[in-house]
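Listing of final_6.cif, mmCIF, C-alpha atoms
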data_entry
#
loop_
_atom_site.label_atom_id
_atom_site.label_comp_id
_atom_site.auth_asym_id
_atom_site.auth_seq_id
_atom_site.Cartn_x
_atom_site.Cartn_y
_atom_site.Cartn_z
CA MET A 24 5.09 1.67 -35.66
CA ASP A 25 4.37 -2.04 -35.40
CA SER A 26 2.55 -3.87 -32.65
CA LYS A 27 5.71 -4.46 -30.67
CA ASP A 28 6.04 -0.71 -30.14
CA TYR A 29 2.44 -0.42 -29.03
CA LEU A 30 2.94 -3.24 -26.58
CA LYS A 31 6.01 -1.47 -25.24
CA ASP A 32 3.96 1.71 -24.89
CA ILE A 33 1.31 -0.06 -22.85
CA THR A 34 3.88 -1.73 -20.61
CA GLU A 35 5.61 1.57 -20.04
CA ILE A 36 2.31 3.32 -19.23
CA LYS A 37 1.45 0.68 -16.66
CA GLU A 38 4.90 0.87 -15.12
CA LEU A 39 4.76 4.65 -14.81
CA MET A 40 1.26 4.57 -13.34
CA ASN A 41 2.36 2.11 -10.65
CA LYS A 42 5.67 3.76 -9.94
CA SER A 43 4.18 7.23 -9.61
CA SER A 44 1.24 6.33 -7.39
CA ARG A 45 2.11 3.18 -5.48
CA PHE A 46 4.86 2.34 -3.04
CA MET A 47 6.39 -0.71 -4.71
CA SER A 48 9.26 -1.38 -2.33
CA LEU A 49 7.23 -2.98 0.44
CA SER A 50 9.09 -6.14 1.33
CA GLY A 51 7.25 -9.47 1.34
CA LEU A 52 9.99 -11.00 3.46
CA SER A 53 9.24 -8.55 6.26
CA GLY A 54 5.65 -9.88 6.29
CA ILE A 55 6.95 -13.43 6.77
CA LEU A 56 9.23 -12.33 9.62
CA ALA A 57 6.45 -10.29 11.28
CA GLY A 58 4.29 -13.42 11.19
CA ILE A 59 7.03 -15.46 12.84
CA TYR A 60 7.51 -12.85 15.59
CA ALA A 61 3.74 -12.86 16.17
CA LEU A 62 3.64 -16.67 16.47
CA ILE A 63 6.52 -16.65 18.95
CA GLY A 64 4.76 -13.89 20.90
CA ALA A 65 1.48 -15.83 20.85
CA TYR A 66 3.29 -18.95 22.11
CA LEU A 67 4.84 -17.01 25.02
CA ALA A 68 1.49 -15.39 25.79
CA TYR A 69 -0.21 -18.80 25.72
CA ASN A 70 2.27 -20.08 28.32
CA ILE A 71 1.62 -17.10 30.55
CA ILE A 72 -2.16 -17.24 30.28
CA TYR A 73 -3.04 -20.90 30.13
CA VAL A 74 -0.11 -22.84 31.51
CA THR A 75 1.08 -20.95 34.57
CA GLN A 76 -2.37 -20.97 36.08
CA THR A 77 -4.98 -23.64 36.50
CA PRO A 78 -7.09 -23.33 33.40
CA SER A 79 -10.83 -23.05 33.64
CA ASP A 80 -12.99 -25.45 31.67
CA ASP A 81 -13.36 -23.22 28.68
CA TYR A 82 -11.43 -20.30 27.32
CA LYS A 83 -14.14 -17.86 28.20
CA THR A 84 -13.18 -16.91 31.72
CA LEU A 85 -9.74 -15.66 32.39
CA VAL A 86 -8.16 -14.50 35.60
CA LEU A 87 -5.12 -12.35 35.01
CA TYR A 88 -2.99 -10.71 37.64
CA GLU A 89 -1.23 -7.44 37.21
CA LEU A 90 2.19 -9.01 36.67
CA GLU A 91 0.82 -11.24 33.91
CA MET A 92 -0.92 -8.29 32.26
CA LEU A 93 2.38 -6.45 32.27
CA GLN A 94 4.19 -9.43 30.76
CA LEU A 95 1.60 -9.70 27.98
CA PHE A 96 1.90 -6.00 27.30
CA VAL A 97 5.69 -6.24 27.04
CA ILE A 98 5.47 -9.21 24.65
CA ALA A 99 2.97 -7.41 22.41
CA PHE A 100 5.09 -4.27 22.43
CA ILE A 101 8.27 -6.15 21.47
CA VAL A 102 6.47 -7.99 18.64
CA VAL A 103 5.10 -4.73 17.19
CA VAL A 104 8.40 -2.83 17.44
CA LEU A 105 10.42 -5.71 15.95
CA SER A 106 7.92 -6.02 13.06
CA ILE A 107 8.07 -2.30 12.28
CA ILE A 108 11.88 -2.20 12.40
CA THR A 109 12.10 -5.28 10.17
CA ALA A 110 9.64 -3.80 7.66
CA ILE A 111 11.57 -0.53 7.48
CA ILE A 112 15.00 -2.15 7.09
CA LEU A 113 13.92 -4.69 4.45
CA SER A 114 11.87 -2.15 2.47
CA TRP A 115 14.80 0.24 2.59
CA LYS A 116 17.05 -2.48 1.19
CA LYS A 117 14.55 -3.31 -1.55
CA ALA A 118 14.15 0.36 -2.47
CA LYS A 119 17.92 0.75 -2.66
CA LYS A 120 18.24 -2.29 -4.91
CA HIS A 121 15.69 -0.82 -7.34
CA ASN A 122 17.21 2.64 -7.13
CA GLU A 123 14.19 4.14 -5.46
CA LYS A 124 13.72 6.24 -2.37
CA LEU A 125 12.17 4.79 0.78
CA TRP A 126 10.68 8.11 1.90
CA ASP A 127 8.90 9.81 -0.98
CA LYS A 128 5.41 10.89 -1.93
CA THR A 129 4.18 7.33 -2.41
CA SER A 130 5.40 6.00 0.95
CA LYS A 131 4.12 9.10 2.74
CA ARG A 132 0.67 8.64 1.20
CA LEU A 133 0.74 4.92 2.03
CA LEU A 134 1.59 5.61 5.67
CA ILE A 135 -1.05 8.31 6.18
CA ASN A 136 -3.81 6.18 4.70
CA PHE A 137 -2.68 3.18 6.72
CA LEU A 138 -2.59 5.14 9.97
CA ILE A 139 -6.04 6.78 9.81
CA PRO A 140 -8.09 3.60 10.46
CA LEU A 141 -5.32 2.09 12.61
CA ALA A 142 -5.05 5.08 14.96
CA THR A 143 -8.85 5.30 15.20
CA GLY A 144 -8.99 1.66 16.26
CA GLY A 145 -6.02 2.13 18.57
CA PHE A 146 -7.79 4.90 20.46
CA ILE A 147 -11.04 2.96 20.74
CA ILE A 148 -9.15 -0.04 22.13
CA LEU A 149 -7.22 2.14 24.59
CA PHE A 150 -10.47 3.71 25.80
CA MET A 151 -11.95 0.24 26.26
CA ILE A 152 -8.94 -0.92 28.24
CA GLU A 153 -9.21 2.22 30.36
CA LYS A 154 -12.85 1.33 31.09
CA GLU A 155 -11.74 -2.24 31.83
CA VAL A 156 -13.72 -3.73 28.95
CA TYR A 157 -11.37 -6.39 27.58
CA LEU A 158 -13.78 -8.68 25.80
CA TYR A 159 -13.50 -7.13 22.34
CA VAL A 160 -9.85 -6.04 22.42
CA ALA A 161 -8.52 -8.95 20.38
CA PRO A 162 -11.28 -8.92 17.71
CA LEU A 163 -11.07 -5.15 17.31
CA THR A 164 -7.30 -5.10 16.82
CA LEU A 165 -7.74 -7.57 13.96
CA VAL A 166 -10.68 -5.70 12.42
CA PHE A 167 -9.04 -2.27 12.52
CA TYR A 168 -5.72 -3.61 11.29
CA GLY A 169 -7.60 -5.22 8.40
CA LEU A 170 -9.41 -1.96 7.60
CA ALA A 171 -6.08 -0.10 7.69
CA LEU A 172 -4.61 -2.59 5.22
CA VAL A 173 -7.57 -2.34 2.84
CA ASN A 174 -7.36 1.45 2.96
CA ALA A 175 -3.60 1.44 2.36
CA SER A 176 -3.75 -1.12 -0.44
CA LYS A 177 -4.62 1.49 -3.06
CA TYR A 178 -1.16 2.91 -2.58
CA THR A 179 0.97 -0.19 -2.60
CA LEU A 180 1.17 -3.78 -3.85
CA GLY A 181 -2.18 -5.38 -4.63
CA TYR A 182 -1.97 -8.37 -2.28
CA ILE A 183 -2.29 -6.07 0.73
CA ARG A 184 -5.99 -5.67 -0.06
CA TYR A 185 -6.64 -9.40 0.27
CA LEU A 186 -4.55 -9.62 3.42
CA GLY A 187 -6.72 -6.83 4.86
CA ILE A 188 -9.98 -8.53 3.92
CA THR A 189 -8.74 -11.81 5.45
CA MET A 190 -7.86 -9.95 8.67
CA ILE A 191 -11.33 -8.39 8.84
CA VAL A 192 -12.99 -11.79 8.40
CA ILE A 193 -10.78 -13.33 11.11
CA GLY A 194 -11.50 -10.35 13.38
CA LEU A 195 -15.25 -10.72 12.90
CA SER A 196 -15.06 -14.47 13.57
CA SER A 197 -13.10 -13.67 16.68
CA ALA A 198 -15.85 -11.27 17.80
CA TRP A 199 -18.38 -14.08 17.37
CA PHE A 200 -16.35 -16.82 19.06
CA LEU A 201 -15.40 -14.69 22.04
CA GLY A 202 -12.73 -16.06 24.33
CA TYR A 203 -10.49 -17.49 21.66
CA GLY A 204 -8.84 -14.15 21.01
CA LEU A 205 -5.29 -15.41 21.29
CA LEU A 206 -5.89 -18.21 18.80
CA PHE A 207 -7.44 -15.82 16.28
CA TRP A 208 -4.59 -13.41 16.88
CA ALA A 209 -2.06 -16.13 16.12
CA LEU A 210 -4.01 -17.06 13.00
CA GLY A 211 -4.32 -13.45 11.78
CA PHE A 212 -1.10 -11.75 12.75
CA GLY A 213 0.97 -14.93 12.57
CA VAL A 214 -0.21 -17.32 9.88
CA CYS A 215 -1.78 -14.76 7.50
CA HIS A 216 1.30 -12.55 7.54
CA ILE A 217 3.47 -15.53 6.70
CA VAL A 218 1.20 -16.76 3.89
CA TYR A 219 0.69 -13.35 2.22
CA GLY A 220 4.30 -12.34 2.90
CA ALA A 221 5.45 -15.46 1.05
CA LEU A 222 3.05 -14.79 -1.85
CA MET A 223 4.33 -11.22 -2.16
CA HIS A 224 7.93 -12.34 -1.79
CA PHE A 225 7.67 -14.77 -4.67
CA LYS A 226 5.68 -12.45 -6.89
CA TYR A 227 7.48 -9.14 -6.36
CA ASP A 228 10.75 -9.49 -4.46
CA ARG A 229 12.62 -11.99 -6.54
CA SER A 230 12.46 -10.22 -9.83
CA MET B 6 -7.00 2.54 -41.63
CA SER B 7 -10.02 3.07 -39.41
CA LEU B 8 -8.15 1.47 -36.56
CA LEU B 9 -5.64 4.25 -36.59
CA THR B 10 -8.14 7.08 -36.32
CA ASN B 11 -8.27 6.86 -32.56
CA ILE B 12 -4.49 6.96 -32.18
CA ASN B 13 -3.87 10.48 -31.00
CA LYS B 14 -0.90 12.23 -32.52
CA ALA B 15 -0.56 14.39 -29.43
CA PHE B 16 0.46 11.32 -27.41
CA ASP B 17 2.76 9.87 -30.04
CA HIS B 18 5.89 10.37 -28.00
CA ARG B 19 7.39 8.54 -25.03
CA ILE B 20 7.61 11.62 -22.79
CA ARG B 21 4.09 12.82 -23.54
CA LEU B 22 2.69 9.35 -22.97
CA GLY B 23 4.63 9.31 -19.70
CA ILE B 24 3.34 12.68 -18.51
CA MET B 25 -0.23 11.62 -19.19
CA SER B 26 0.23 8.22 -17.50
CA ILE B 27 1.51 9.85 -14.33
CA LEU B 28 -1.20 12.49 -14.25
CA MET B 29 -3.97 9.93 -14.84
CA VAL B 30 -3.29 8.22 -11.50
CA ASN B 31 -2.18 11.25 -9.46
CA ASP B 32 -4.30 14.29 -8.68
CA TYR B 33 -1.36 16.44 -9.67
CA ALA B 34 2.42 16.32 -10.09
CA ASP B 35 5.04 19.05 -10.06
CA PHE B 36 7.84 19.55 -12.55
CA ASN B 37 10.50 17.79 -10.49
CA MET B 38 8.37 14.73 -9.90
CA LEU B 39 7.75 14.37 -13.63
CA LYS B 40 11.41 14.93 -14.35
CA GLU B 41 12.54 12.28 -11.87
CA LEU B 42 10.04 9.69 -13.04
CA LEU B 43 10.60 10.22 -16.74
CA GLY B 44 14.32 10.86 -16.66
CA ALA B 45 13.99 13.77 -19.07
CA THR B 46 15.98 16.98 -19.30
CA ASP B 47 14.40 20.29 -18.25
CA GLY B 48 14.11 21.68 -21.77
CA ASN B 49 12.80 18.49 -23.29
CA LEU B 50 10.17 18.01 -20.59
CA ALA B 51 9.12 21.66 -20.73
CA SER B 52 8.49 21.51 -24.47
CA HIS B 53 6.34 18.41 -24.20
CA ILE B 54 4.39 19.94 -21.32
CA LYS B 55 3.81 23.02 -23.48
CA ALA B 56 2.48 20.89 -26.29
CA LEU B 57 0.04 19.04 -24.04
CA GLU B 58 -1.02 22.31 -22.44
CA LYS B 59 -1.68 23.78 -25.86
CA SER B 60 -4.02 20.91 -26.77
CA GLU B 61 -5.72 21.55 -23.42
CA PHE B 62 -5.01 18.04 -22.19
CA ILE B 63 -3.27 19.23 -19.05
CA ALA B 64 -3.81 22.21 -16.79
CA VAL B 65 -1.04 24.26 -15.24
CA GLU B 66 -1.37 25.76 -11.81
CA LYS B 67 1.19 28.18 -10.49
CA GLN B 68 1.41 28.71 -6.76
CA PHE B 69 3.82 29.51 -3.97
CA ILE B 70 5.04 27.10 -1.31
CA GLY B 71 6.33 29.54 1.28
CA ARG B 72 8.29 31.86 -0.96
CA LYS B 73 9.27 29.32 -3.55
CA PRO B 74 7.29 29.30 -6.77
CA ASN B 75 5.91 25.90 -7.58
CA THR B 76 4.15 24.78 -10.73
CA ARG B 77 1.92 21.77 -10.66
CA TYR B 78 0.16 19.95 -13.44
CA SER B 79 -3.05 17.99 -13.65
CA THR B 80 -5.09 16.41 -16.43
CA THR B 81 -8.16 18.12 -17.78
CA LYS B 82 -11.38 16.27 -18.43
CA LEU B 83 -10.64 16.47 -22.14
CA GLY B 84 -7.16 15.08 -21.56
CA LYS B 85 -8.50 12.13 -19.60
CA GLN B 86 -11.01 11.27 -22.31
CA ALA B 87 -8.46 11.60 -25.09
CA PHE B 88 -5.91 9.49 -23.23
CA LYS B 89 -8.44 6.74 -22.52
CA LYS B 90 -9.39 6.67 -26.20
CA HIS B 91 -5.73 6.47 -27.13
CA ILE B 92 -5.08 3.56 -24.76
CA ASP B 93 -8.16 1.70 -26.02
CA ALA B 94 -6.93 2.18 -29.57
CA LEU B 95 -3.48 0.86 -28.66
CA GLU B 96 -4.99 -2.22 -27.05
CA GLN B 97 -7.24 -2.78 -30.03
CA LEU B 98 -4.27 -2.61 -32.36
CA ILE B 99 -2.33 -5.14 -30.32
CA LYS B 100 -5.29 -7.51 -30.21
CA ASN B 101 -5.78 -7.35 -33.95
CA GLN B 102 -2.20 -8.19 -34.81
#
Starting from the file, give its structure as structure tokens.
Amino acid sequence: MDSKDYLKDITEIKELMNKSSRFMSLSGLSGILAGIYALIGAYLAYNIIYVTQTPSDDYKTLVLYELEMLQLFVIAFIVVVLSIITAIILSWKKAKKHNEKLWDKTSKRLLINFLIPLATGGFIILFMIEKEVYLYVAPLTLVFYGLALVNASKYTLGYIRYLGITMIVIGLSSAWFLGYGLLFWALGFGVCHIVYGALMHFKYDRS
Amino acid sequence: MSLLTNINKAFDHRIRLGIMSILMVNDYADFNMLKELLGATDGNLASHIKALEKSEFIAVEKQFIGRKPNTRYSTTKLGKQAFKKHIDALEQLIKNQ
């Protein structure tokens, strides 16, 4: 055996290790689209919150009526559902192209590990809303989403880890600069998704 | 010649290398998972599993899922050490070329 064979061995080992333990079909493009949906949602929310009513001097006090709350809730819900549907469809297409299954051991493991921190955060935020404590809702969504990404990153493409860490940092900043939640949301869910989605798209999708 | 001493003969085959690679990063794998990932035939895969089992590099665990028998495989401590040594040796060889 010459060195070429050894090199082939190593490449093959790496490939098998990734393929057997990580979900490789996650689509970068779906990250870009999710970011765009989030920015559109943030723009609509901005109009509802800050344009339709006389704004106060700073962003810190906010008077919202029930109808506006409902509108914001609907926008957020549509953004989340659209992002999930897009991610599933595009990942399914990518898996099909590479002759892999969308729903197998790797995607199951990815989903479970993603959902544990996310659901924990989701419940905490729901309890806070129930108690009418809204101050930390925006920062906490970012922080828990970031933790979920970091936790899931062991089971999928490597960039997800850095996306998660970025989200945590943005979430913590948002908790410090209270009142600018929407702006940090737009930065995290919008801009970061687009940037990392593009990075992943160019690194993994095009090959 | 000394470079070659760490190359383990037990791993000197594509399928065996594959089995070990998969088991290094997964707690365990069953027969069908190995078969799918490696694209090997039943008989071929079984014989390589036997060989690795015999050198005590992998452990076999037979159990039932409902009523269906299911056999799953995992690496032993010895297997992990041997495989790591083998990989290091491969990398060393490539570097020295």
Could you list, as a CSV table (one decimal) with C-alpha atoms, in the coordinates of the input, every residue within 12 Å of Gly44 in chain B, counting all atoms listed in the file and ignoring same-chain residues fewer than 4 positions away?
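Generated output (selection.csv):
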chain,number,residue,atom,x,y,z
A,39,LEU,CA,4.8,4.6,-14.8
B,19,ARG,CA,7.4,8.5,-25.0
B,20,ILE,CA,7.6,11.6,-22.8
B,23,GLY,CA,4.6,9.3,-19.7
B,24,ILE,CA,3.3,12.7,-18.5
B,36,PHE,CA,7.8,19.6,-12.6
B,37,ASN,CA,10.5,17.8,-10.5
B,38,MET,CA,8.4,14.7,-9.9
B,39,LEU,CA,7.8,14.4,-13.6
B,40,LYS,CA,11.4,14.9,-14.4
B,48,GLY,CA,14.1,21.7,-21.8
B,49,ASN,CA,12.8,18.5,-23.3
B,50,LEU,CA,10.2,18.0,-20.6
Name all residues at most 12 Å from Asn13 in chain B (count all atoms listed in the file; drop same-chain ones fewer than 6 positions away) and give them as a PDB file with C-alpha atoms, in the coordinates of the input.
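Below you can see result16.pdb, which holds the result:
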ATOM      1  CA  ARG B  21       4.090  12.820 -23.540  1.00  0.00           C
ATOM      2  CA  LEU B  22       2.690   9.350 -22.970  1.00  0.00           C
ATOM      3  CA  LEU B  57       0.040  19.040 -24.040  1.00  0.00           C
ATOM      4  CA  SER B  60      -4.020  20.910 -26.770  1.00  0.00           C
ATOM      5  CA  PHE B  62      -5.010  18.040 -22.190  1.00  0.00           C
ATOM      6  CA  GLY B  84      -7.160  15.080 -21.560  1.00  0.00           C
ATOM      7  CA  GLN B  86     -11.010  11.270 -22.310  1.00  0.00           C
ATOM      8  CA  ALA B  87      -8.460  11.600 -25.090  1.00  0.00           C
ATOM      9  CA  PHE B  88      -5.910   9.490 -23.230  1.00  0.00           C
ATOM     10  CA  LYS B  89      -8.440   6.740 -22.520  1.00  0.00           C
ATOM     11  CA  LYS B  90      -9.390   6.670 -26.200  1.00  0.00           C
ATOM     12  CA  HIS B  91      -5.730   6.470 -27.130  1.00  0.00           C
ATOM     13  CA  ILE B  92      -5.080   3.560 -24.760  1.00  0.00           C
ATOM     14  CA  ASP B  93      -8.160   1.700 -26.020  1.00  0.00           C
ATOM     15  CA  ALA B  94      -6.930   2.180 -29.570  1.00  0.00           C
ATOM     16  CA  LEU B  95      -3.480   0.860 -28.660  1.00  0.00           C
TER      17      LEU B  95
END
Provide as an MDAnalysis selection string the residues of chain B at most 7 Å from chain A, counting all atoms listed in the file. chainID B and resid 23 26:27 30:31 95 98:99 102
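Taking all atoms listed in the file into account, His216 in chain A lies nearest to A:Ile55 out of the set A:Leu141, A:Ile193, A:Ile101, A:Ile55.
Across the structure, CA of Gln94 in chain A and CA of Ala198 in chain A are spaced 23.9 Å apart.
Nearest to Lys226 in chain A of all the residues A:Phe207, A:Tyr182, A:Phe167, A:Phe212 is A:Tyr182, based on all atoms listed in the file.
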Restricting the calculation to only C-alpha atoms, which member of A:Trp199, A:Asn122, A:Phe137, A:Val102 is positioned closest to Leu42 in chain B? A:Asn122
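Here CA of Ile183 in chain A and CA of Val166 in chain A stand 14.4 Å from one another.
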Cut-off 9 Å around (-6.8, -17.3, 2.2) with only C-alpha atoms: residues as a count of residues only: 6
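Our summary of the geometry notes that CA of Met25 in chain B is positioned 12.8 Å from CA of Lys55 in chain B.
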Within 10 Å of Glu123 in chain A, counting all atoms listed in the file, which residues show up once you throw out same-chain ones fewer than 5 positions away? Write them as a list in words, please. Lys42, Phe46, Met47, Ser48, Trp115, Lys116, Lys117 and Ala118 of chain A
Output of the above residues as a PDB file, in the frame of the given file, restricted to C-alpha atoms:
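Done, and the output landed in selection_0.pdb:
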ATOM      1  CA  LYS A  42       5.670   3.760  -9.940  1.00  0.00           C
ATOM      2  CA  PHE A  46       4.860   2.340  -3.040  1.00  0.00           C
ATOM      3  CA  MET A  47       6.390  -0.710  -4.710  1.00  0.00           C
ATOM      4  CA  SER A  48       9.260  -1.380  -2.330  1.00  0.00           C
ATOM      5  CA  TRP A 115      14.800   0.240   2.590  1.00  0.00           C
ATOM      6  CA  LYS A 116      17.050  -2.480   1.190  1.00  0.00           C
ATOM      7  CA  LYS A 117      14.550  -3.310  -1.550  1.00  0.00           C
ATOM      8  CA  ALA A 118      14.150   0.360  -2.470  1.00  0.00           C
TER       9      ALA A 118
END
Residues matched by the PyMOL selection byres ((chain A and resi 50-53) around 8), written as a PyMOL selection string: chain A and resi 48-49+54-57+106+109-110+113-114+117+219-224+227-228
For a quick check of understanding, using all atoms listed in the file, which of B:Ala15, B:Leu28, B:Ala34, B:Lys100 has the smallest distance to Thr76 in chain B? B:Ala34
Closest of A:Leu133, A:Ile98, A:Trp126, A:Tyr157 to Leu62 in chain A - atom-to-atom distances counting all atoms listed in the file: A:Ile98
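The residue set within 12 Å of Ala68 in chain A, counting all atoms listed in the file and dropping same-chain residues fewer than 5 places from it, reads Ala61, Leu62, Ile63, Tyr73, Val74, Thr75, Leu87, Glu91, Met92, Leu93, Gln94, Leu95, Phe96, Val97, Ile98, Ala99, Val102, Gly204, Leu205, Leu206, Trp208 and Ala209 of chain A.
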